[in-house]
file work_10.txt (compact mmCIF, C-alpha atoms)
# COMPACT_ATOMS: atom_id res chain seq x y z
CA MET A 29 15.52 -23.31 5.88
CA GLY A 30 14.03 -26.06 3.74
CA ALA A 31 14.93 -28.96 6.05
CA ASP A 32 11.47 -28.96 7.65
CA ASN A 33 9.63 -28.51 4.31
CA ARG A 34 8.98 -24.88 5.18
CA GLU A 35 8.87 -22.26 2.44
CA ILE A 36 9.80 -18.68 3.41
CA GLU A 37 9.26 -16.16 0.64
CA MET A 38 7.82 -12.87 -0.54
CA LYS A 39 6.50 -11.82 -3.93
CA LEU A 40 6.52 -8.46 -5.70
CA GLY A 41 5.12 -7.47 -9.07
CA LEU A 42 7.23 -6.24 -11.97
CA ILE A 43 6.21 -3.36 -14.23
CA GLU A 44 8.51 -4.60 -16.98
CA PRO A 45 11.23 -7.23 -17.41
CA CYS A 46 14.64 -6.43 -15.95
CA PRO A 47 17.32 -7.64 -18.40
CA LYS A 48 20.13 -6.39 -16.13
CA LEU A 49 18.96 -8.23 -13.02
CA TYR A 50 22.01 -10.52 -13.00
CA GLU A 51 24.38 -7.53 -12.98
CA ILE A 52 22.30 -5.82 -10.28
CA LEU A 53 22.39 -8.91 -8.06
CA GLN A 54 26.15 -9.18 -8.52
CA LYS A 55 26.51 -5.74 -6.92
CA ILE A 56 24.37 -6.83 -3.96
CA GLY A 57 25.95 -10.20 -3.13
CA GLN A 58 27.42 -13.37 -4.61
CA VAL A 59 25.38 -14.77 -7.52
CA SER A 60 25.50 -18.38 -8.70
CA ALA A 61 23.46 -21.11 -10.42
CA MET A 62 21.71 -18.96 -13.01
CA ARG A 63 18.99 -21.05 -14.70
CA SER A 64 15.74 -20.76 -16.65
CA ASP A 65 12.81 -23.00 -17.59
CA GLU A 66 9.33 -22.98 -19.11
CA LEU A 67 6.96 -24.05 -16.35
CA GLN A 68 3.37 -25.27 -16.32
CA ASN A 69 1.39 -25.24 -13.06
CA VAL A 70 -1.92 -27.09 -13.02
CA TYR A 71 -3.96 -26.71 -9.81
CA PHE A 72 -6.45 -29.23 -8.45
CA ASP A 73 -9.31 -29.42 -5.95
CA THR A 74 -12.61 -31.21 -5.51
CA PRO A 75 -15.92 -29.79 -6.84
CA GLU A 76 -16.79 -28.93 -3.22
CA ARG A 77 -13.37 -27.24 -2.77
CA ASP A 78 -12.39 -29.51 0.11
CA LEU A 79 -8.70 -28.64 -0.17
CA PHE A 80 -9.54 -24.95 -0.19
CA ALA A 81 -11.48 -25.47 3.04
CA MET A 82 -8.38 -27.13 4.49
CA LYS A 83 -6.32 -24.04 3.50
CA ALA A 84 -4.31 -26.25 1.17
CA GLY A 85 -3.16 -25.83 -2.42
CA LEU A 86 -2.42 -28.77 -4.71
CA ARG A 87 -0.65 -28.61 -8.05
CA ILE A 88 1.39 -30.46 -10.65
CA ARG A 89 4.36 -28.49 -11.97
CA ARG A 90 6.16 -29.48 -15.15
CA GLY A 91 9.40 -28.12 -16.51
CA HIS A 92 11.73 -29.09 -19.33
CA LYS A 93 13.36 -31.93 -17.41
CA PHE A 94 11.12 -32.59 -14.41
CA ALA A 95 7.60 -33.05 -13.11
CA GLU A 96 6.48 -32.84 -9.49
CA GLN A 97 3.35 -32.64 -7.41
CA THR A 98 3.22 -30.11 -4.59
CA LEU A 99 1.00 -29.64 -1.57
CA LYS A 100 1.12 -26.25 0.15
CA LEU A 101 -0.54 -25.74 3.51
CA LYS A 102 -1.73 -22.53 5.10
CA GLY A 103 1.14 -20.83 6.88
CA THR A 104 1.83 -17.55 8.57
CA ALA A 105 2.70 -14.10 7.30
CA LEU A 106 5.25 -12.21 9.37
CA ALA A 107 6.17 -8.70 8.27
CA GLY A 108 4.87 -9.47 4.78
CA VAL A 109 7.10 -12.53 4.41
CA HIS A 110 5.14 -15.75 4.04
CA SER A 111 6.09 -19.01 5.72
CA ARG A 112 4.20 -22.23 4.99
CA GLN A 113 4.63 -25.98 4.90
CA GLU A 114 5.35 -27.31 1.42
CA TYR A 115 5.69 -30.93 0.28
CA ASN A 116 7.17 -31.80 -3.13
CA VAL A 117 7.20 -35.27 -4.72
CA ASP A 118 8.78 -36.16 -8.07
CA ILE A 119 6.35 -37.81 -10.51
CA ALA A 120 6.43 -39.21 -14.04
CA PRO A 121 6.02 -36.62 -16.82
CA ASP A 122 2.79 -38.21 -18.08
CA VAL A 123 0.94 -38.11 -14.73
CA THR A 124 -2.21 -36.01 -15.11
CA THR A 125 -3.64 -36.09 -11.55
CA PRO A 126 -1.73 -35.84 -8.25
CA ASP A 127 -1.63 -38.89 -5.97
CA LEU A 128 -2.41 -37.69 -2.44
CA HIS A 129 -1.02 -40.90 -0.95
CA LEU A 130 2.50 -39.88 -2.01
CA PHE A 131 2.53 -37.06 0.53
CA PRO A 132 3.40 -37.82 4.18
CA ALA A 133 0.43 -38.56 6.41
CA GLU A 134 1.18 -35.59 8.67
CA ALA A 135 0.50 -33.25 5.76
CA PHE A 136 -3.24 -33.82 6.18
CA ALA A 137 -5.52 -33.10 9.10
CA ASP A 138 -6.49 -36.05 11.28
CA GLY A 139 -9.58 -37.72 9.95
CA SER A 140 -9.04 -36.69 6.33
CA ASN A 141 -10.48 -39.26 3.94
CA LEU A 142 -7.74 -39.38 1.32
CA GLU A 143 -9.55 -41.94 -0.82
CA ALA A 144 -12.64 -39.73 -1.09
CA LEU A 145 -10.53 -36.66 -1.84
CA GLN A 146 -8.46 -38.53 -4.42
CA GLN A 147 -11.50 -39.74 -6.34
CA LYS A 148 -13.00 -36.25 -6.57
CA LEU A 149 -9.89 -34.33 -7.62
CA GLU A 150 -10.39 -32.23 -10.73
CA ARG A 151 -8.39 -29.64 -12.64
CA GLN A 152 -9.07 -26.04 -11.55
CA CYS A 153 -6.81 -23.75 -13.53
CA GLU A 154 -3.49 -23.58 -15.37
CA ILE A 155 -0.65 -21.08 -15.01
CA ASN A 156 2.14 -21.04 -17.60
CA PHE A 157 5.26 -18.93 -17.27
CA ARG A 158 8.94 -18.63 -18.00
CA ARG A 159 11.07 -18.59 -14.85
CA GLU A 160 14.59 -17.19 -14.56
CA CYS A 161 16.34 -18.01 -11.27
CA TYR A 162 19.46 -16.87 -9.47
CA ASP A 163 20.99 -18.02 -6.20
CA LEU A 164 22.09 -15.02 -4.16
CA THR A 165 24.28 -15.22 -1.09
CA TYR A 166 23.78 -12.10 1.01
CA LYS A 167 25.16 -11.67 4.53
CA ASN A 168 25.73 -15.42 4.99
CA SER A 169 22.16 -16.29 3.95
CA LEU A 170 21.17 -18.00 0.71
CA PHE A 171 18.25 -16.66 -1.30
CA GLU A 172 16.66 -17.74 -4.56
CA ILE A 173 15.60 -14.81 -6.74
CA ALA A 174 13.09 -15.82 -9.41
CA VAL A 175 11.40 -13.80 -12.16
CA ASP A 176 8.18 -15.27 -13.56
CA VAL A 177 6.59 -13.99 -16.79
CA GLY A 178 3.54 -15.65 -18.30
CA THR A 179 -0.24 -15.99 -18.02
CA ILE A 180 -2.83 -17.13 -15.49
CA GLY A 181 -5.54 -19.17 -17.18
CA ALA A 182 -8.88 -19.46 -15.35
CA GLY A 183 -11.63 -20.84 -17.55
CA THR A 184 -11.93 -18.53 -20.54
CA ILE A 185 -9.98 -15.74 -18.84
CA ASN A 186 -6.25 -15.21 -19.31
CA ALA A 187 -4.48 -12.63 -17.14
CA PRO A 188 -0.86 -11.49 -17.50
CA LEU A 189 1.72 -12.55 -14.92
CA MET A 190 4.98 -10.75 -14.20
CA GLU A 191 6.50 -10.98 -10.73
CA LEU A 192 9.71 -11.31 -8.75
CA GLU A 193 9.95 -13.84 -5.94
CA ILE A 194 12.51 -13.79 -3.13
CA GLU A 195 12.77 -17.11 -1.28
CA LEU A 196 15.04 -17.82 1.67
CA LYS A 197 16.78 -21.15 1.17
CA GLN A 198 19.31 -21.22 4.00
CA SER A 199 20.11 -19.05 7.04
CA THR A 200 21.14 -19.33 10.68
CA LEU A 201 19.54 -16.01 11.62
CA GLU A 202 16.55 -15.51 13.92
CA THR A 203 13.27 -14.11 12.62
CA PRO A 204 13.82 -10.35 13.24
CA ALA A 205 17.16 -10.47 11.42
CA ILE A 206 15.65 -12.47 8.54
CA ILE A 207 12.90 -9.88 8.05
CA ALA A 208 15.53 -7.14 8.13
CA LEU A 209 17.43 -8.97 5.36
CA PHE A 210 14.30 -9.14 3.17
CA ASP A 211 13.79 -5.43 3.81
CA GLU A 212 17.39 -4.64 2.82
CA LEU A 213 17.17 -6.71 -0.37
CA VAL A 214 13.97 -5.03 -1.53
CA PHE A 215 15.45 -1.60 -0.81
CA LYS A 216 18.65 -2.42 -2.73
CA LEU A 217 16.66 -3.67 -5.72
CA ALA A 218 14.61 -0.47 -5.64
CA GLN A 219 17.73 1.70 -5.47
CA ALA A 220 19.19 -0.20 -8.43
CA GLY A 221 16.18 0.74 -10.54
CA VAL A 222 14.29 -2.57 -10.71
CA LYS A 223 10.73 -1.54 -11.54
CA LEU A 224 8.93 -3.41 -8.78
CA THR A 225 5.40 -2.93 -7.52
CA LEU A 226 3.11 -4.55 -4.97
CA GLU A 227 1.53 -7.90 -5.88
CA PRO A 228 -0.33 -8.90 -2.70
CA PHE A 229 -1.91 -12.15 -3.93
CA SER A 230 -0.33 -15.42 -4.99
CA LYS A 231 -0.79 -16.83 -8.49
CA MET A 232 -3.41 -19.27 -7.23
CA HIS A 233 -5.26 -16.57 -5.27
CA ARG A 234 -5.54 -14.44 -8.41
CA ALA A 235 -6.71 -17.44 -10.41
CA ALA A 236 -9.37 -18.17 -7.76
CA LEU A 237 -10.66 -14.60 -8.03
CA LEU A 238 -10.78 -14.86 -11.81
CA MET A 239 -12.74 -18.11 -11.46
CA GLY A 240 -15.23 -16.31 -9.23
CA ILE A 241 -14.61 -18.25 -6.02
CA ARG A 242 -16.59 -16.13 -3.55
CA GLU A 243 -14.49 -17.02 -0.51
CA ARG A 244 -11.52 -15.29 -2.12
CA ASN A 245 -13.52 -12.19 -3.04
CA SER A 246 -13.59 -10.70 0.43
CA LEU A 247 -11.63 -8.74 3.01
CA GLN A 248 -11.15 -10.64 6.24
CA LEU A 249 -10.43 -8.69 9.42
CA PRO A 250 -9.81 -10.21 12.87
CA ASP A 251 -12.84 -10.71 15.11
CA ASN A 252 -11.18 -8.85 17.99
CA PRO A 253 -9.58 -5.39 17.95
CA ALA A 254 -5.82 -5.03 18.00
CA GLY A 255 -4.25 -5.32 21.45
CA ASP A 256 -1.69 -2.57 20.86
CA ILE A 257 -0.71 0.10 18.37
CA SER A 258 1.76 -2.17 16.53
CA GLY A 259 -1.02 -4.71 16.05
CA TYR A 260 -3.34 -1.99 14.78
CA ILE A 261 -0.80 -0.91 12.14
CA SER A 262 -0.18 -4.53 11.13
CA ILE A 263 -3.92 -5.11 10.65
CA GLY A 264 -4.11 -1.91 8.61
CA LEU A 265 -1.27 -3.02 6.34
CA LYS A 266 -2.90 -6.39 5.78
CA ALA A 267 -6.22 -4.71 4.98
CA PHE A 268 -4.54 -2.36 2.50
CA GLU A 269 -2.79 -5.23 0.72
CA SER A 270 -6.01 -7.26 0.53
CA LEU A 271 -7.91 -4.30 -0.91
CA LEU A 272 -5.13 -3.65 -3.43
CA GLY A 273 -5.05 -7.30 -4.48
CA LEU A 274 -8.81 -7.32 -4.98
CA TYR A 275 -8.71 -4.09 -6.99
CA LEU A 276 -5.95 -5.35 -9.30
CA VAL A 277 -8.10 -8.36 -10.23
CA LYS A 278 -11.71 -7.14 -9.84
CA PHE A 279 -11.20 -3.49 -10.98
CA ASN A 280 -13.87 -2.08 -8.64
CA PRO A 281 -13.02 1.63 -8.06
CA MET A 282 -14.67 1.57 -4.61
CA TYR A 283 -11.62 -0.34 -3.36
CA LEU A 284 -9.55 2.78 -4.05
CA GLY A 285 -11.39 4.85 -1.46
CA TYR A 286 -11.12 2.11 1.15
CA MET A 287 -7.38 1.87 0.48
CA ALA A 288 -6.95 5.64 0.85
CA TYR A 289 -8.74 5.68 4.19
CA THR A 290 -6.74 2.70 5.44
CA LEU A 291 -3.48 4.47 4.61
CA LYS A 292 -4.71 7.54 6.49
CA CYS A 293 -5.37 5.39 9.57
CA ILE A 294 -1.90 3.84 9.31
CA ARG A 295 -0.29 7.28 9.03
CA ARG A 296 -2.05 8.54 12.17
CA ALA A 297 -1.22 5.35 14.04
CA TYR A 298 2.45 5.71 13.11
CA ASP A 299 2.49 9.16 14.73
CA TYR A 300 0.85 7.76 17.84
CA LEU A 301 3.36 4.90 17.98
CA VAL A 302 6.30 7.32 17.93
CA VAL A 303 4.79 9.36 20.76
CA ARG A 304 4.00 6.31 22.90
CA SER A 305 7.41 4.73 22.26
CA ALA A 306 9.16 7.92 23.32
CA GLU A 307 7.46 7.56 26.70
CA ASP A 308 8.37 3.85 27.05
CA ASP A 309 11.65 3.25 28.89
CA ASN A 310 11.80 -0.24 27.39
CA VAL A 311 12.41 1.11 23.89
CA ASN A 312 13.06 4.86 23.86
CA PHE A 313 16.86 4.53 24.05
CA SER A 314 17.10 1.75 21.46
CA GLU A 315 18.33 1.88 17.88
CA SER A 316 14.96 0.44 16.84
CA PHE A 317 13.16 3.50 18.20
CA ALA A 318 15.75 5.79 16.62
CA ALA A 319 15.03 4.15 13.23
CA LEU A 320 11.28 4.49 13.80
CA ARG A 321 11.64 8.22 14.51
CA ARG A 322 14.23 8.76 11.76
CA ASN A 323 11.91 7.31 9.11
CA ARG A 324 8.85 9.20 10.35
CA LYS A 325 8.69 12.01 7.82
CA VAL A 326 9.54 9.89 4.78
CA ILE A 327 7.04 7.16 5.63
CA LYS A 328 4.24 9.59 6.47
CA ARG A 329 4.81 11.56 3.26
CA SER A 330 4.77 8.38 1.17
CA LEU A 331 1.56 7.19 2.82
CA LYS A 332 -0.07 10.59 2.31
CA ASP A 333 0.99 10.89 -1.35
CA LEU A 334 -0.28 7.41 -2.21
CA ALA A 335 -3.58 8.02 -0.41
CA LYS A 336 -4.03 11.28 -2.34
CA PHE A 337 -3.42 9.48 -5.65
CA LEU A 338 -5.95 6.79 -4.71
CA ARG A 339 -8.64 9.35 -3.84
CA LYS A 340 -8.14 11.22 -7.10
CA GLN A 341 -8.25 8.04 -9.14
CA GLU A 342 -11.39 6.87 -7.34
CA GLN A 343 -13.15 10.18 -7.95
CA ALA A 344 -12.26 10.25 -11.65
CA LEU A 345 -13.30 6.64 -12.27
CA LEU A 346 -16.58 6.93 -10.40
CA VAL A 347 -17.53 10.13 -12.20
CA HIS A 348 -16.93 8.43 -15.56
CA GLN A 349 -18.86 5.32 -14.58
CA LEU A 350 -21.83 7.23 -13.14
CA ASN A 351 -22.00 9.33 -16.32
CA GLY A 352 -22.05 6.22 -18.48
CA VAL A 353 -18.55 6.81 -19.88
CA GLU A 354 -16.72 3.60 -20.74
CA VAL A 355 -13.56 3.21 -18.67
CA ASP A 356 -10.56 1.01 -19.43
CA MET A 357 -10.28 -0.41 -15.90
CA PRO A 358 -7.25 -2.66 -16.53
CA LYS A 359 -5.41 0.41 -17.80
CA ALA A 360 -6.45 2.36 -14.69
CA ALA A 361 -5.20 -0.45 -12.46
CA GLN A 362 -1.91 -0.43 -14.34
CA ARG A 363 -1.54 3.30 -13.63
CA LEU A 364 -1.75 2.53 -9.92
CA ARG A 365 0.86 -0.23 -10.25
CA VAL A 366 3.16 2.22 -12.05
CA LYS A 367 2.57 4.89 -9.39
CA ILE A 368 3.54 2.43 -6.65
CA SER A 369 6.65 1.52 -8.64
CA LYS A 370 7.82 5.06 -9.43
CA THR A 371 7.40 6.27 -5.84
CA GLN A 372 8.91 3.03 -4.47
CA ALA A 373 5.83 2.64 -2.29
CA PHE A 374 6.26 -1.13 -2.67
CA CYS A 375 9.00 -0.81 -0.02
CA LEU A 376 6.57 0.62 2.54
CA PRO A 377 4.66 -2.42 3.88
CA LEU A 378 7.76 -4.56 4.43
CA HIS A 379 9.80 -1.68 5.85
CA LEU A 380 7.04 -0.64 8.25
CA ARG A 381 6.63 -4.21 9.43
CA ALA A 382 10.37 -4.62 9.89
CA LEU A 383 10.44 -1.49 12.06
CA LEU A 384 7.50 -2.75 14.14
CA LEU A 385 9.04 -6.19 14.58
CA SER A 386 12.37 -4.74 15.66
CA LEU A 387 10.69 -2.39 18.14
CA ASP A 388 8.49 -5.14 19.60
CA ASN A 389 11.50 -7.44 19.92
CA VAL A 390 13.48 -4.82 21.86
CA LYS A 391 10.49 -4.19 24.12
CA SER A 392 10.03 -7.90 24.81
CA VAL A 393 13.69 -8.43 25.65
CA ASN A 394 13.84 -5.45 28.00
CA GLN A 395 10.61 -6.40 29.74
CA GLN A 396 12.04 -9.84 30.51
CA ALA A 397 15.36 -8.45 31.75

call {"tool": "encode", "arguments": {"input": "work_10.txt", "output": "structure tokens"}}
result
Amino acid sequence: MGADNREIEMKLGLIEPCPKLYEILQKIGQVSAMRSDELQNVYFDTPERDLFAMKAGLRIRRGHKFAEQTLKLKGTALAGVHSRQEYNVDIAPDVTTPDLHLFPAEAFADGSNLEALQQKLERQCEINFRRECYDLTYKNSLFEIAVDVGTIGAGTINAPLMELEIELKQSTLETPAIIALFDELVFKLAQAGVKLTLEPFSKMHRAALLMGIRERNSLQLPDNPAGDISGYISIGLKAFESLLGLYLVKFNPMYLGYMAYTLKCIRRAYDYLVVRSAEDDNVNFSESFAALRRNRKVIKRSLKDLAKFLRKQEQALLVHQLNGVEVDMPKAAQRLRVKISKTQAFCLPLHLRALLLSLDNVKSVNQQA
């Protein structure tokens, strides 16, 4: 999958390290190339945030035996799995500023003034972490499973970092099957007891929020309403993840109420989707619809339970704050992360999206037949 410089991955948070991850992966598929390194990521932009405006991220990464500069461009998110263009260039260990001219010309938009950008580049933030990696072959596809533990440094602020990354390195499968594989892997890790949780934002996104970049401190919804019920649910899931990501960094309890209401809307829409699909001859006899209906009670109960927890936490935190009682907001946010982990609610967004993608694919094929 890396032949066209495209990165396909998803990230999840970890509640605590998983020392038995190697043994767990061995029970899932074939594990090879275990490795570890101490990594330093230094991110760059101009004072006017020109690269940010281009939806690009620029960094230098250093490890024990290598140094490279990387340019990541804005990509797409399908079913919670992110796909984006990524360009990596090896550099000397003592290089302190990336050289934009080393990247291929097609990496930049037409008309970009590389000389002007190069002269204005400055250091933005630094992220240091220990990475443990495993190559996992699962159903004839090759994945890289990485665990990152460290800190995000943004100015005077240091925030903890602990996450698990699943990156697809090689596969001959089409998109719906790839998303299904990601869904299966996350479910198997959950069943094996890996204490995962949702981590909606990338390392750099979290650093940008900590640095106070206003453009990152917002919820962006599409200008036009969803064209169908699947689109409505997808927008709802994206909104929920954005709200959760903002809450985990900004600690504003008002996000909790918005999240709870969003989950309520998704739950109602799921019911409506089942009813409408049952009336649609293009999908109602398919295995995809059977899976949608089979998962109905479990998914609705999980959505309802998480929404209830969010409402209770919002009410308790707001009462304390309005009464002038000091609240340990990072600790409150951690309680939510633990709740998501214990109830395995981190499986929900990807699983819901996989169901929607499978159903839409069946519908599209039958409509063309």

call {"tool": "residues_around", "arguments": {"input": "work_10.txt", "residues": "A:Ser330", "least_positions_apart": "5", "cutoff": "12 Å", "atoms": "all atoms listed in the file", "output": "number ranges by chain"}}
result
A: 291-292, 294-295, 323-325, 335-337, 367-368, 370-377, 380

call {"tool": "closest_residue", "arguments": {"input": "work_10.txt", "among": "A:Met232, A:Val355, A:Ile185, A:Cys46", "to": "A:Lys100", "atoms": "all atoms listed in the file"}}
result
A:Met232

call {"tool": "closest_residue", "arguments": {"input": "work_10.txt", "among": "A:Gly181, A:Pro121, A:Pro45, A:Gly139", "to": "A:Gln152", "atoms": "all atoms listed in the file"}}
result
A:Gly181

call {"tool": "residues_around", "arguments": {"input": "work_10.txt", "residues": "A:Leu196", "least_positions_apart": "4", "cutoff": "12 Å", "atoms": "all atoms listed in the file", "output": "ChimeraX atom specification"}}
result
/A:29-31,34-39,109-111,163-166,168-174,200-201,203,206-207,209-210,213

call {"tool": "residues_around", "arguments": {"input": "work_10.txt", "residues": "A:Gly178", "least_positions_apart": "5", "cutoff": "7 Å", "atoms": "all atoms listed in the file", "output": "PyMOL selection string"}}
result
chain A and resi 156-158+188-190

call {"tool": "residues_around", "arguments": {"input": "work_10.txt", "residues": "stretch 306-308 of chain A", "least_positions_apart": "3", "cutoff": "12 Å", "atoms": "all atoms listed in the file", "output": "list of chain:residue names"}}
result
A:Asp299, A:Tyr300, A:Leu301, A:Val302, A:Val303, A:Val311, A:Asn312, A:Phe313, A:Ser314, A:Ser316, A:Phe317, A:Ala318, A:Leu320, A:Arg321, A:Leu387, A:Asp388, A:Val390, A:Lys391, A:Asn394, A:Gln395

call {"tool": "atom_distance", "arguments": {"input": "work_10.txt", "atom1": "atom CA of A:Tyr115", "atom2": "atom CA of A:His92"}}
result
20.6 Å

call {"tool": "residues_around", "arguments": {"input": "work_10.txt", "residues": "A:Lys102", "least_positions_apart": "3", "cutoff": "9 Å", "atoms": "all atoms listed in the file", "output": "list in words"}}
result
Met82, Lys83, Ala84, Gly85, Ser111, Arg112 and Gln113 of chain A

call {"tool": "atom_distance", "arguments": {"input": "work_10.txt", "atom1": "atom CA of A:Glu227", "atom2": "atom CA of A:Glu191"}}
result
7.6 Å

call {"tool": "atom_distance", "arguments": {"input": "work_10.txt", "atom1": "atom CA of A:Arg234", "atom2": "atom CA of A:Ser369"}}
result
20.1 Å

call {"tool": "closest_residue", "arguments": {"input": "work_10.txt", "among": "A:Ala297, A:Leu284, A:Leu238, A:Leu271", "to": "A:Ile257", "atoms": "all atoms listed in the file"}}
result
A:Ala297

call {"tool": "residues_near_point", "arguments": {"input": "work_10.txt", "point": "(-4.8, -18.9, -15.7)", "cutoff": "6 Å", "atoms": "only C-alpha atoms", "output": "PyMOL selection string"}}
result
chain A and resi 153-155+179-182+186+235

call {"tool": "build_atoms", "arguments": {"input": "work_10.txt", "residues": "stretch 211-218 of chain A", "atoms": "all heavy atoms", "output": "PDB file, in the coordinates of the input"}}
result
ATOM      1  N   ASP A 211      13.982  -6.872   3.948  1.00  0.00           N
ATOM      2  CA  ASP A 211      13.790  -5.430   3.810  1.00  0.00           C
ATOM      3  C   ASP A 211      14.973  -4.793   3.090  1.00  0.00           C
ATOM      4  O   ASP A 211      14.808  -3.965   2.185  1.00  0.00           O
ATOM      5  CB  ASP A 211      13.610  -4.819   5.207  1.00  0.00           C
ATOM      6  CG  ASP A 211      13.233  -3.349   5.153  1.00  0.00           C
ATOM      7  OD1 ASP A 211      12.547  -2.931   4.199  1.00  0.00           O
ATOM      8  OD2 ASP A 211      13.635  -2.593   6.072  1.00  0.00           O
ATOM      9  N   GLU A 212      16.176  -5.170   3.459  1.00  0.00           N
ATOM     10  CA  GLU A 212      17.390  -4.640   2.820  1.00  0.00           C
ATOM     11  C   GLU A 212      17.440  -5.010   1.342  1.00  0.00           C
ATOM     12  O   GLU A 212      17.785  -4.177   0.481  1.00  0.00           O
ATOM     13  CB  GLU A 212      18.632  -5.161   3.525  1.00  0.00           C
ATOM     14  CG  GLU A 212      18.873  -4.572   4.897  1.00  0.00           C
ATOM     15  CD  GLU A 212      20.104  -5.180   5.563  1.00  0.00           C
ATOM     16  OE1 GLU A 212      20.991  -5.665   4.833  1.00  0.00           O
ATOM     17  OE2 GLU A 212      20.169  -5.178   6.807  1.00  0.00           O
ATOM     18  N   LEU A 213      17.119  -6.263   1.027  1.00  0.00           N
ATOM     19  CA  LEU A 213      17.170  -6.710  -0.370  1.00  0.00           C
ATOM     20  C   LEU A 213      16.195  -5.938  -1.241  1.00  0.00           C
ATOM     21  O   LEU A 213      16.539  -5.505  -2.348  1.00  0.00           O
ATOM     22  CB  LEU A 213      16.872  -8.207  -0.443  1.00  0.00           C
ATOM     23  CG  LEU A 213      18.019  -9.169  -0.115  1.00  0.00           C
ATOM     24  CD1 LEU A 213      17.539 -10.616  -0.186  1.00  0.00           C
ATOM     25  CD2 LEU A 213      19.182  -8.956  -1.076  1.00  0.00           C
ATOM     26  N   VAL A 214      14.966  -5.775  -0.755  1.00  0.00           N
ATOM     27  CA  VAL A 214      13.970  -5.030  -1.530  1.00  0.00           C
ATOM     28  C   VAL A 214      14.418  -3.593  -1.738  1.00  0.00           C
ATOM     29  O   VAL A 214      14.297  -3.043  -2.841  1.00  0.00           O
ATOM     30  CB  VAL A 214      12.593  -5.087  -0.829  1.00  0.00           C
ATOM     31  CG1 VAL A 214      11.597  -4.157  -1.517  1.00  0.00           C
ATOM     32  CG2 VAL A 214      12.056  -6.509  -0.826  1.00  0.00           C
ATOM     33  N   PHE A 215      14.966  -2.983  -0.692  1.00  0.00           N
ATOM     34  CA  PHE A 215      15.450  -1.600  -0.810  1.00  0.00           C
ATOM     35  C   PHE A 215      16.588  -1.500  -1.828  1.00  0.00           C
ATOM     36  O   PHE A 215      16.621  -0.577  -2.652  1.00  0.00           O
ATOM     37  CB  PHE A 215      15.908  -1.087   0.553  1.00  0.00           C
ATOM     38  CG  PHE A 215      16.427   0.322   0.530  1.00  0.00           C
ATOM     39  CD1 PHE A 215      15.537   1.394   0.431  1.00  0.00           C
ATOM     40  CD2 PHE A 215      17.782   0.597   0.582  1.00  0.00           C
ATOM     41  CE1 PHE A 215      16.004   2.703   0.394  1.00  0.00           C
ATOM     42  CE2 PHE A 215      18.263   1.897   0.542  1.00  0.00           C
ATOM     43  CZ  PHE A 215      17.370   2.957   0.449  1.00  0.00           C
ATOM     44  N   LYS A 216      17.521  -2.448  -1.797  1.00  0.00           N
ATOM     45  CA  LYS A 216      18.650  -2.420  -2.730  1.00  0.00           C
ATOM     46  C   LYS A 216      18.187  -2.621  -4.172  1.00  0.00           C
ATOM     47  O   LYS A 216      18.707  -1.990  -5.100  1.00  0.00           O
ATOM     48  CB  LYS A 216      19.678  -3.484  -2.337  1.00  0.00           C
ATOM     49  CG  LYS A 216      20.487  -3.129  -1.096  1.00  0.00           C
ATOM     50  CD  LYS A 216      21.483  -4.216  -0.749  1.00  0.00           C
ATOM     51  CE  LYS A 216      22.304  -3.830   0.487  1.00  0.00           C
ATOM     52  NZ  LYS A 216      23.212  -2.697   0.226  1.00  0.00           N
ATOM     53  N   LEU A 217      17.214  -3.493  -4.380  1.00  0.00           N
ATOM     54  CA  LEU A 217      16.660  -3.670  -5.720  1.00  0.00           C
ATOM     55  C   LEU A 217      15.979  -2.398  -6.205  1.00  0.00           C
ATOM     56  O   LEU A 217      16.095  -2.017  -7.370  1.00  0.00           O
ATOM     57  CB  LEU A 217      15.668  -4.833  -5.724  1.00  0.00           C
ATOM     58  CG  LEU A 217      16.264  -6.238  -5.551  1.00  0.00           C
ATOM     59  CD1 LEU A 217      15.161  -7.260  -5.317  1.00  0.00           C
ATOM     60  CD2 LEU A 217      17.099  -6.627  -6.753  1.00  0.00           C
ATOM     61  N   ALA A 218      15.273  -1.730  -5.291  1.00  0.00           N
ATOM     62  CA  ALA A 218      14.610  -0.470  -5.640  1.00  0.00           C
ATOM     63  C   ALA A 218      15.636   0.593  -6.012  1.00  0.00           C
ATOM     64  O   ALA A 218      15.481   1.308  -7.011  1.00  0.00           O
ATOM     65  CB  ALA A 218      13.751   0.006  -4.474  1.00  0.00           C
TER      66      ALA A 218
END
